[in-house]
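> Next comes the structure file coords-v8.cif, holding mmCIF, C-alpha atoms.
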data_structure
#
loop_
_atom_site.group_PDB
_atom_site.id
_atom_site.type_symbol
_atom_site.label_atom_id
_atom_site.label_comp_id
_atom_site.auth_asym_id
_atom_site.auth_seq_id
_atom_site.Cartn_x
_atom_site.Cartn_y
_atom_site.Cartn_z
ATOM 1 C CA MET T 1 0.000 0.000 0.000
ATOM 2 C CA VAL T 2 1.389 3.410 -1.015
ATOM 3 C CA ASN T 3 1.743 5.910 1.816
ATOM 4 C CA LYS T 4 -0.612 8.841 1.278
ATOM 5 C CA LYS T 5 2.191 11.408 1.576
ATOM 6 C CA GLU T 6 4.265 9.544 -0.991
ATOM 7 C CA GLU T 7 1.280 9.578 -3.319
ATOM 8 C CA TRP T 8 0.920 13.347 -2.953
ATOM 9 C CA LYS T 9 4.631 13.813 -3.594
ATOM 10 C CA SER T 10 4.531 11.610 -6.704
ATOM 11 C CA GLU T 11 1.923 13.968 -8.195
ATOM 12 C CA LEU T 12 3.872 17.168 -7.484
ATOM 13 C CA TYR T 13 6.976 17.822 -5.398
ATOM 14 C CA GLY T 14 10.295 19.632 -5.248
ATOM 15 C CA ASP T 15 10.962 22.781 -7.229
ATOM 16 C CA ARG T 16 7.620 22.557 -9.027
ATOM 17 C CA VAL T 17 5.845 23.272 -5.738
ATOM 18 C CA ARG T 18 7.187 26.809 -5.595
ATOM 19 C CA GLU T 19 5.149 28.107 -8.522
ATOM 20 C CA LYS T 20 1.946 26.774 -6.997
ATOM 21 C CA LEU T 21 2.829 28.122 -3.571
ATOM 22 C CA VAL T 22 3.327 31.583 -5.047
ATOM 23 C CA GLU T 23 -0.028 31.270 -6.790
ATOM 24 C CA PHE T 24 -1.769 30.455 -3.504
ATOM 25 C CA ALA T 25 0.050 33.361 -1.827
ATOM 26 C CA GLU T 26 -1.224 35.781 -4.458
ATOM 27 C CA GLU T 27 -4.796 34.546 -4.069
ATOM 28 C CA GLY T 28 -4.728 34.189 -0.268
ATOM 29 C CA PHE T 29 -4.838 31.313 2.214
ATOM 30 C CA ASP T 30 -8.497 30.564 1.582
ATOM 31 C CA SER T 31 -7.708 29.759 -2.061
ATOM 32 C CA ILE T 32 -6.224 26.419 -0.937
ATOM 33 C CA PRO T 33 -9.135 23.939 -1.207
ATOM 34 C CA GLU T 34 -9.936 22.527 2.218
ATOM 35 C CA ASP T 35 -9.949 18.944 0.980
ATOM 36 C CA GLU T 36 -6.469 19.413 -0.549
ATOM 37 C CA ARG T 37 -4.769 21.246 2.302
ATOM 38 C CA ASP T 38 -3.035 18.251 3.865
ATOM 39 C CA ALA T 39 -1.492 17.423 0.485
ATOM 40 C CA TRP T 40 -0.335 20.972 -0.180
ATOM 41 C CA PHE T 41 1.002 21.454 3.342
ATOM 42 C CA THR T 42 3.071 18.288 2.879
ATOM 43 C CA ARG T 43 4.484 19.595 -0.416
ATOM 44 C CA PHE T 44 5.185 23.085 0.967
ATOM 45 C CA LYS T 45 7.669 21.609 3.445
ATOM 46 C CA PHE T 46 10.226 21.093 0.662
ATOM 47 C CA TRP T 47 10.399 24.877 0.497
ATOM 48 C CA GLY T 48 10.725 25.216 4.261
ATOM 49 C CA VAL T 49 7.104 26.298 4.727
ATOM 50 C CA PHE T 50 5.271 24.487 7.554
ATOM 51 C CA HIS T 51 1.623 25.088 8.346
ATOM 52 C CA GLN T 52 1.047 25.755 12.050
ATOM 53 C CA ARG T 53 -1.857 24.269 13.963
ATOM 54 C CA THR T 54 -3.357 24.373 17.474
ATOM 55 C CA GLY T 55 -4.496 27.971 17.410
ATOM 56 C CA GLN T 56 -2.123 29.142 14.682
ATOM 57 C CA GLU T 57 -4.114 27.976 11.660
ATOM 58 C CA SER T 58 -3.452 29.962 8.462
ATOM 59 C CA TYR T 59 0.013 30.890 9.773
ATOM 60 C CA PHE T 60 3.284 29.186 8.831
ATOM 61 C CA MET T 61 6.723 28.502 10.202
ATOM 62 C CA MET T 62 9.571 29.068 7.721
ATOM 63 C CA ARG T 63 12.868 27.175 8.023
ATOM 64 C CA LEU T 64 16.115 28.380 6.458
ATOM 65 C CA THR T 65 19.100 26.265 5.483
ATOM 66 C CA ASN T 66 22.652 27.414 6.152
ATOM 67 C CA ALA T 67 25.291 24.714 6.686
ATOM 68 C CA ASN T 68 27.048 24.872 10.078
ATOM 69 C CA GLY T 69 24.935 27.894 11.036
ATOM 70 C CA ILE T 70 27.304 30.197 9.161
ATOM 71 C CA LEU T 71 25.850 33.549 8.125
ATOM 72 C CA GLU T 72 27.468 36.709 6.843
ATOM 73 C CA PRO T 73 26.553 39.957 8.658
ATOM 74 C CA GLY T 74 24.383 41.102 5.734
ATOM 75 C CA GLN T 75 22.529 37.797 5.706
ATOM 76 C CA LEU T 76 21.858 37.920 9.429
ATOM 77 C CA ARG T 77 20.643 41.496 9.085
ATOM 78 C CA ALA T 78 18.245 40.507 6.296
ATOM 79 C CA ILE T 79 16.847 37.650 8.399
ATOM 80 C CA ALA T 80 16.340 40.014 11.333
ATOM 81 C CA GLU T 81 14.551 42.516 9.094
ATOM 82 C CA VAL T 82 12.281 39.784 7.725
ATOM 83 C CA ALA T 83 11.478 38.700 11.284
ATOM 84 C CA ARG T 84 10.716 42.279 12.255
ATOM 85 C CA ASP T 85 8.453 42.879 9.278
ATOM 86 C CA TYR T 86 6.754 39.506 8.801
ATOM 87 C CA ALA T 87 7.251 37.117 11.770
ATOM 88 C CA SER T 88 4.943 38.877 14.202
ATOM 89 C CA GLY T 89 3.101 36.939 16.880
ATOM 90 C CA PRO T 90 -0.246 37.912 18.387
ATOM 91 C CA VAL T 91 1.228 39.121 21.698
ATOM 92 C CA THR T 92 3.878 41.802 22.134
ATOM 93 C CA ASN T 93 6.694 41.063 24.575
ATOM 94 C CA PRO T 94 7.397 44.261 26.556
ATOM 95 C CA GLU T 95 11.152 43.676 26.329
ATOM 96 C CA PHE T 96 11.727 41.919 23.007
ATOM 97 C CA GLY T 97 8.733 42.916 20.869
ATOM 98 C CA ASP T 98 6.592 40.472 18.914
ATOM 99 C CA SER T 99 8.961 39.039 16.278
ATOM 100 C CA TRP T 100 9.802 35.348 16.499
ATOM 101 C CA ILE T 101 13.097 33.660 15.542
ATOM 102 C CA ASP T 102 14.219 30.181 16.605
ATOM 103 C CA LEU T 103 17.890 29.183 16.543
ATOM 104 C CA THR T 104 17.619 25.424 16.126
ATOM 105 C CA THR T 105 19.700 22.535 17.438
ATOM 106 C CA ARG T 106 20.826 21.904 13.843
ATOM 107 C CA GLN T 107 22.305 25.409 13.638
ATOM 108 C CA SER T 108 19.545 26.711 11.420
ATOM 109 C CA ILE T 109 16.929 29.451 11.808
ATOM 110 C CA GLN T 110 13.137 29.273 11.865
ATOM 111 C CA LEU T 111 10.708 32.172 11.568
ATOM 112 C CA HIS T 112 7.223 31.910 13.052
ATOM 113 C CA TRP T 113 3.807 33.514 12.495
ATOM 114 C CA ILE T 114 4.435 33.900 8.772
ATOM 115 C CA LYS T 115 1.434 34.692 6.567
ATOM 116 C CA LEU T 116 1.162 32.791 3.297
ATOM 117 C CA GLU T 117 0.559 36.031 1.426
ATOM 118 C CA ASP T 118 3.953 37.409 2.545
ATOM 119 C CA ILE T 119 6.093 34.458 1.458
ATOM 120 C CA PRO T 120 7.014 35.734 -2.048
ATOM 121 C CA GLU T 121 8.274 39.023 -0.576
ATOM 122 C CA ILE T 122 10.171 37.156 2.143
ATOM 123 C CA TRP T 123 11.859 34.932 -0.425
ATOM 124 C CA GLU T 124 12.836 37.973 -2.460
ATOM 125 C CA GLU T 125 14.504 39.623 0.537
ATOM 126 C CA LEU T 126 16.295 36.502 1.758
ATOM 127 C CA GLU T 127 17.436 35.223 -1.625
ATOM 128 C CA SER T 128 18.847 38.635 -2.548
ATOM 129 C CA VAL T 129 21.547 38.033 0.102
ATOM 130 C CA GLY T 130 22.038 34.331 -0.618
ATOM 131 C CA VAL T 131 19.749 32.829 2.033
ATOM 132 C CA THR T 132 17.378 30.078 0.938
ATOM 133 C CA THR T 133 14.580 27.911 2.307
ATOM 134 C CA ARG T 134 14.797 25.363 -0.503
ATOM 135 C CA SER T 135 15.104 21.736 0.601
ATOM 136 C CA SER T 136 15.104 22.706 4.286
ATOM 137 C CA GLY T 137 12.130 20.522 5.218
ATOM 138 C CA GLY T 138 10.034 17.596 4.141
ATOM 139 C CA ASP T 139 11.637 14.330 3.088
ATOM 140 C CA THR T 140 15.104 15.672 2.482
ATOM 141 C CA MET T 141 18.276 16.179 4.497
ATOM 142 C CA ARG T 142 18.116 18.552 7.427
ATOM 143 C CA ASN T 143 20.583 21.393 7.902
ATOM 144 C CA ILE T 144 24.145 20.046 7.634
ATOM 145 C CA SER T 145 25.723 20.702 11.030
ATOM 146 C CA GLY T 146 29.332 21.112 12.079
ATOM 147 C CA SER T 147 31.566 22.307 14.862
ATOM 148 C CA PRO T 148 30.645 25.796 16.141
ATOM 149 C CA VAL T 149 34.370 26.654 16.133
ATOM 150 C CA ALA T 150 35.114 25.323 12.630
ATOM 151 C CA GLY T 151 38.054 27.199 11.120
ATOM 152 C CA LYS T 152 38.969 28.776 14.476
ATOM 153 C CA ASP T 153 39.806 25.989 16.969
ATOM 154 C CA ALA T 154 43.576 25.817 17.536
ATOM 155 C CA ASP T 155 43.327 22.031 17.965
ATOM 156 C CA GLU T 156 41.288 21.508 14.794
ATOM 157 C CA VAL T 157 42.584 18.579 12.744
ATOM 158 C CA ILE T 158 40.888 19.596 9.487
ATOM 159 C CA ASP T 159 39.286 22.891 8.499
ATOM 160 C CA THR T 160 35.869 21.660 7.404
ATOM 161 C CA LEU T 161 34.482 24.987 6.175
ATOM 162 C CA PRO T 162 35.367 24.410 2.484
ATOM 163 C CA LEU T 163 33.811 20.926 2.667
ATOM 164 C CA LEU T 164 30.668 22.251 4.347
ATOM 165 C CA GLU T 165 30.258 24.834 1.595
ATOM 166 C CA ARG T 166 30.725 22.148 -1.048
ATOM 167 C CA PHE T 167 28.193 19.824 0.588
ATOM 168 C CA GLN T 168 25.674 22.648 0.867
ATOM 169 C CA GLU T 169 25.991 23.441 -2.822
ATOM 170 C CA GLU T 170 26.485 20.013 -4.378
ATOM 171 C CA ILE T 171 24.548 17.622 -2.147
ATOM 172 C CA ARG T 172 21.644 19.873 -1.217
ATOM 173 C CA GLY T 173 21.430 21.041 -4.805
ATOM 174 C CA ASP T 174 21.200 17.472 -6.141
ATOM 175 C CA ASP T 175 17.549 16.810 -6.967
ATOM 176 C CA ASP T 176 18.096 13.043 -6.675
ATOM 177 C CA LEU T 177 18.806 13.552 -2.953
ATOM 178 C CA CYS T 178 15.816 15.801 -2.300
ATOM 179 C CA ASN T 179 13.173 13.103 -1.979
ATOM 180 C CA MET T 180 14.042 10.588 0.688
ATOM 181 C CA PRO T 181 11.799 8.273 2.718
ATOM 182 C CA ARG T 182 12.282 10.598 5.688
ATOM 183 C CA LYS T 183 14.481 13.398 6.961
ATOM 184 C CA PHE T 184 18.223 12.679 6.866
ATOM 185 C CA ASN T 185 20.862 14.131 9.198
ATOM 186 C CA ILE T 186 24.491 14.815 8.248
ATOM 187 C CA SER T 187 27.310 16.319 10.310
ATOM 188 C CA ILE T 188 30.967 17.130 9.612
ATOM 189 C CA SER T 189 33.473 17.810 12.394
ATOM 190 C CA GLY T 190 37.122 18.790 12.184
ATOM 191 C CA THR T 191 37.875 18.954 15.909
ATOM 192 C CA PRO T 192 39.311 15.979 17.853
ATOM 193 C CA GLU T 193 36.342 15.671 20.193
ATOM 194 C CA GLY T 194 33.749 15.932 17.418
ATOM 195 C CA GLY T 195 31.848 19.165 17.752
ATOM 196 C CA ALA T 196 28.564 18.419 15.977
ATOM 197 C CA GLN T 197 26.931 15.709 18.077
ATOM 198 C CA ASP T 198 28.201 13.276 15.464
ATOM 199 C CA ALA T 199 26.951 10.146 17.248
ATOM 200 C CA ILE T 200 23.305 11.081 16.717
ATOM 201 C CA ASN T 201 23.444 11.751 12.969
ATOM 202 C CA ASP T 202 22.596 9.367 10.137
ATOM 203 C CA VAL T 203 25.982 10.057 8.547
ATOM 204 C CA ALA T 204 28.781 11.816 10.397
ATOM 205 C CA LEU T 205 32.338 12.618 9.349
ATOM 206 C CA GLU T 206 34.950 12.917 12.121
ATOM 207 C CA PRO T 207 38.623 13.829 11.613
ATOM 208 C CA ALA T 208 41.193 11.054 11.284
ATOM 209 C CA ARG T 209 44.906 10.630 10.624
ATOM 210 C CA LYS T 210 46.337 7.667 8.724
ATOM 211 C CA GLU T 211 49.832 6.818 7.546
ATOM 212 C CA ILE T 212 49.927 6.041 3.824
ATOM 213 C CA ASP T 213 53.246 5.194 2.141
ATOM 214 C CA GLY T 214 55.104 6.550 5.133
ATOM 215 C CA GLU T 215 53.299 9.897 5.130
ATOM 216 C CA GLU T 216 50.573 11.107 7.442
ATOM 217 C CA THR T 217 47.340 11.738 5.579
ATOM 218 C CA LEU T 218 44.331 13.593 6.940
ATOM 219 C CA GLY T 219 40.813 12.373 6.299
ATOM 220 C CA PHE T 220 37.653 11.289 8.063
ATOM 221 C CA ASN T 221 36.177 8.391 9.945
ATOM 222 C CA VAL T 222 32.537 7.824 9.014
ATOM 223 C CA ARG T 223 29.754 7.104 11.483
ATOM 224 C CA VAL T 224 26.534 5.676 10.054
ATOM 225 C CA GLY T 225 23.104 5.200 11.621
ATOM 226 C CA GLY T 226 23.208 7.545 14.590
ATOM 227 C CA GLY T 227 20.486 7.950 17.190
ATOM 228 C CA LEU T 228 18.362 10.298 15.073
ATOM 229 C CA GLY T 229 18.280 7.880 12.149
ATOM 230 C CA GLY T 230 15.265 5.767 11.249
ATOM 231 C CA ARG T 231 14.903 2.493 13.131
ATOM 232 C CA GLU T 232 12.895 -0.670 12.645
#
Give the structure from this file in structure tokens form.


Amino acid sequence: MVNKKEEWKSELYGDRVREKLVEFAEEGFDSIPEDERDAWFTRFKFWGVFHQRTGQESYFMMRLTNANGILEPGQLRAIAEVARDYASGPVTNPEFGDSWIDLTTRQSIQLHWIKLEDIPEIWEELESVGVTTRSSGGDTMRNISGSPVAGKDADEVIDTLPLLERFQEEIRGDDDLCNMPRKFNISISGTPEGGAQDAINDVALEPARKEIDGEETLGFNVRVGGGLGGRE
């Protein structure tokens, strides 16, 4: 028997969802047929758009993807401005205002209380500085995590920043890896102690030294099937 979500995805998924999402945004939340909402909300997740429930109906959470949590100052400023202008909750905090940002355990960022109608404008602002929501949710890999001190730790065995950038571009950009049975977690650490909770990821790279032909070579040990992976 085919899982219902897999059936919805087989009809329309991935990059093709964006055009339809923009269409719904232009016409308003109520333009999504009630009997099709579960299907569309499942598809929206590929673009980091999650429908909220339990009192937050018609609002969305938006997840960004940025490997290792690395953001340039201009990118962080743009995210903060989007939160200020669009991620407004129903109650104002007297100290911090009413804008909502989550810094996640996978070193990513989530914005809350997003209106569907605002998503095209939000994408325009974020993508203009190189921030994307593509492939940040649904049945794809989660944010690729790494050591918080990558490139800075004096005891670092391997600087993983170039590899993280390559993974973000090449692996996340590979459409064949954007439709998995379930979410998939990857981490890359260059510090001796492993700085990305490597033991709980589906695939984790940890620094290693090996002598080859009399010369020390740097590389990685690979952990597979960590505690967050799927289990029978």

> Convert the output of the PyMOL selection byres ((chain T and resi 84) around 12) on the shown file into explicit residues, formatted as a PyMOL selection string.

chain T and resi 77-83+85-89+96-101+111-114+122

> Have a look at T:Leu177, T:Leu218, T:Ile144, T:Ile119 and name the one nearest to Phe60 (chain T); count all atoms listed in the file.

T:Ile119

> For Ile200 (chain T), which residue among T:Thr217, T:Arg53, T:Glu27, T:Gly226 is the nearest when counting all atoms listed in the file?

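Result for the nearest residue to Ile200 (chain T): T:Gly226.
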
> Assuming the chain letters and numbering stay as they are in my file, what does the PyMOL selection byres ((chain T and resi 21) around 12) actually select? List them as a VMD selection string.

chain T and resid 12 to 20 22 to 29 31 to 32 37 40 to 50 116 to 120 123

> Using all atoms listed in the file, which of the listed residues (T:Arg182, T:Arg134, T:Lys115, T:Arg63) sits closest to Asp102 (chain T)?

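For Asp102 (chain T), the nearest of the given residues is T:Arg63.
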
> For Lys9 (chain T), which residue among T:Asn201, T:Thr104, T:Asn179, T:Thr132 is the nearest when counting all atoms listed in the file?

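Nearest candidate to Lys9 (chain T) out of T:Asn201, T:Thr104, T:Asn179, T:Thr132: T:Asn179.
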
> Name the residues that the PyMOL selection byres ((chain T and resi 149-152) around 9) picks from the file above, as a PyMOL selection string, using the file's chain letters and numbers.

chain T and resi 68+146-148+153-156+158-161+189-191+195

> So, with all atoms listed in the file as the atoms that count, which of T:Pro90, T:Gly137, T:Pro207, T:Pro33 lies closest to Met61 (chain T)?

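Result for the nearest residue to Met61 (chain T): T:Gly137.
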
> Provide the CA of Gln107 (chain T) to CA of Ala67 (chain T) distance in Å, to one decimal place.

7.6 Å

> Using all atoms listed in the file, tabulate the residues of region 108-145 of chain T lying at most 10 Å from any atom of region 162-173 of chain T, each with its closest atom pair and that distance in Å to one decimal, by chain and increasing residue number, as a tab-separated table.


residue	atom	partner	partner_atom	distance
T:Arg134	CA	T:Arg172	CA	8.8
T:Ser135	CA	T:Arg172	CA	7.0
T:Ser136	CA	T:Arg172	CA	9.0
T:Thr140	CA	T:Arg172	CA	8.6
T:Met141	CA	T:Arg172	CA	7.6
T:Arg142	CA	T:Arg172	CA	9.4
T:Asn143	CA	T:Gln168	CA	8.8
T:Ile144	CA	T:Gln168	CA	7.4
T:Ser145	CA	T:Leu164	CA	8.5

> Could you rebuild region 53-70 of chain T with N, CA and C atoms and give it back as a PDB file, keeping the file's coordinate frame?


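So result38.pdb came out as:
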ATOM      1  N   ARG T  53      -0.532  24.704  13.517  1.00  0.00           N
ATOM      2  CA  ARG T  53      -1.857  24.269  13.963  1.00  0.00           C
ATOM      3  C   ARG T  53      -2.086  24.732  15.396  1.00  0.00           C
ATOM      4  N   THR T  54      -3.049  24.098  16.066  1.00  0.00           N
ATOM      5  CA  THR T  54      -3.357  24.373  17.474  1.00  0.00           C
ATOM      6  C   THR T  54      -3.406  25.869  17.791  1.00  0.00           C
ATOM      7  N   GLY T  55      -4.313  26.546  17.143  1.00  0.00           N
ATOM      8  CA  GLY T  55      -4.496  27.971  17.410  1.00  0.00           C
ATOM      9  C   GLY T  55      -3.729  28.882  16.484  1.00  0.00           C
ATOM     10  N   GLN T  56      -2.907  28.315  15.612  1.00  0.00           N
ATOM     11  CA  GLN T  56      -2.123  29.142  14.682  1.00  0.00           C
ATOM     12  C   GLN T  56      -2.497  28.854  13.228  1.00  0.00           C
ATOM     13  N   GLU T  57      -3.685  28.298  13.015  1.00  0.00           N
ATOM     14  CA  GLU T  57      -4.114  27.976  11.660  1.00  0.00           C
ATOM     15  C   GLU T  57      -4.049  29.205  10.760  1.00  0.00           C
ATOM     16  N   SER T  58      -3.656  28.968   9.525  1.00  0.00           N
ATOM     17  CA  SER T  58      -3.452  29.962   8.462  1.00  0.00           C
ATOM     18  C   SER T  58      -2.106  30.679   8.587  1.00  0.00           C
ATOM     19  N   TYR T  59      -1.345  30.365   9.652  1.00  0.00           N
ATOM     20  CA  TYR T  59       0.013  30.890   9.773  1.00  0.00           C
ATOM     21  C   TYR T  59       1.019  29.762   9.518  1.00  0.00           C
ATOM     22  N   PHE T  60       2.259  30.166   9.181  1.00  0.00           N
ATOM     23  CA  PHE T  60       3.284  29.186   8.831  1.00  0.00           C
ATOM     24  C   PHE T  60       4.584  29.459   9.574  1.00  0.00           C
ATOM     25  N   MET T  61       5.336  28.379   9.767  1.00  0.00           N
ATOM     26  CA  MET T  61       6.723  28.502  10.202  1.00  0.00           C
ATOM     27  C   MET T  61       7.598  28.357   8.968  1.00  0.00           C
ATOM     28  N   MET T  62       8.666  29.147   8.867  1.00  0.00           N
ATOM     29  CA  MET T  62       9.571  29.068   7.721  1.00  0.00           C
ATOM     30  C   MET T  62      10.962  28.701   8.221  1.00  0.00           C
ATOM     31  N   ARG T  63      11.529  27.637   7.629  1.00  0.00           N
ATOM     32  CA  ARG T  63      12.868  27.175   8.023  1.00  0.00           C
ATOM     33  C   ARG T  63      13.875  27.539   6.946  1.00  0.00           C
ATOM     34  N   LEU T  64      15.027  28.040   7.368  1.00  0.00           N
ATOM     35  CA  LEU T  64      16.115  28.380   6.458  1.00  0.00           C
ATOM     36  C   LEU T  64      17.149  27.261   6.478  1.00  0.00           C
ATOM     37  N   THR T  65      18.007  27.235   5.478  1.00  0.00           N
ATOM     38  CA  THR T  65      19.100  26.265   5.483  1.00  0.00           C
ATOM     39  C   THR T  65      20.422  26.987   5.264  1.00  0.00           C
ATOM     40  N   ASN T  66      21.331  26.801   6.217  1.00  0.00           N
ATOM     41  CA  ASN T  66      22.652  27.414   6.152  1.00  0.00           C
ATOM     42  C   ASN T  66      23.618  26.485   6.870  1.00  0.00           C
ATOM     43  N   ALA T  67      24.428  25.742   6.119  1.00  0.00           N
ATOM     44  CA  ALA T  67      25.291  24.714   6.686  1.00  0.00           C
ATOM     45  C   ALA T  67      26.156  25.276   7.815  1.00  0.00           C
ATOM     46  N   ASN T  68      26.210  24.527   8.922  1.00  0.00           N
ATOM     47  CA  ASN T  68      27.048  24.872  10.078  1.00  0.00           C
ATOM     48  C   ASN T  68      26.598  26.161  10.766  1.00  0.00           C
ATOM     49  N   GLY T  69      25.426  26.672  10.406  1.00  0.00           N
ATOM     50  CA  GLY T  69      24.935  27.894  11.036  1.00  0.00           C
ATOM     51  C   GLY T  69      25.685  29.143  10.631  1.00  0.00           C
ATOM     52  N   ILE T  70      26.457  29.064   9.557  1.00  0.00           N
ATOM     53  CA  ILE T  70      27.304  30.197   9.161  1.00  0.00           C
ATOM     54  C   ILE T  70      26.499  31.212   8.360  1.00  0.00           C
TER      55      ILE T  70
END
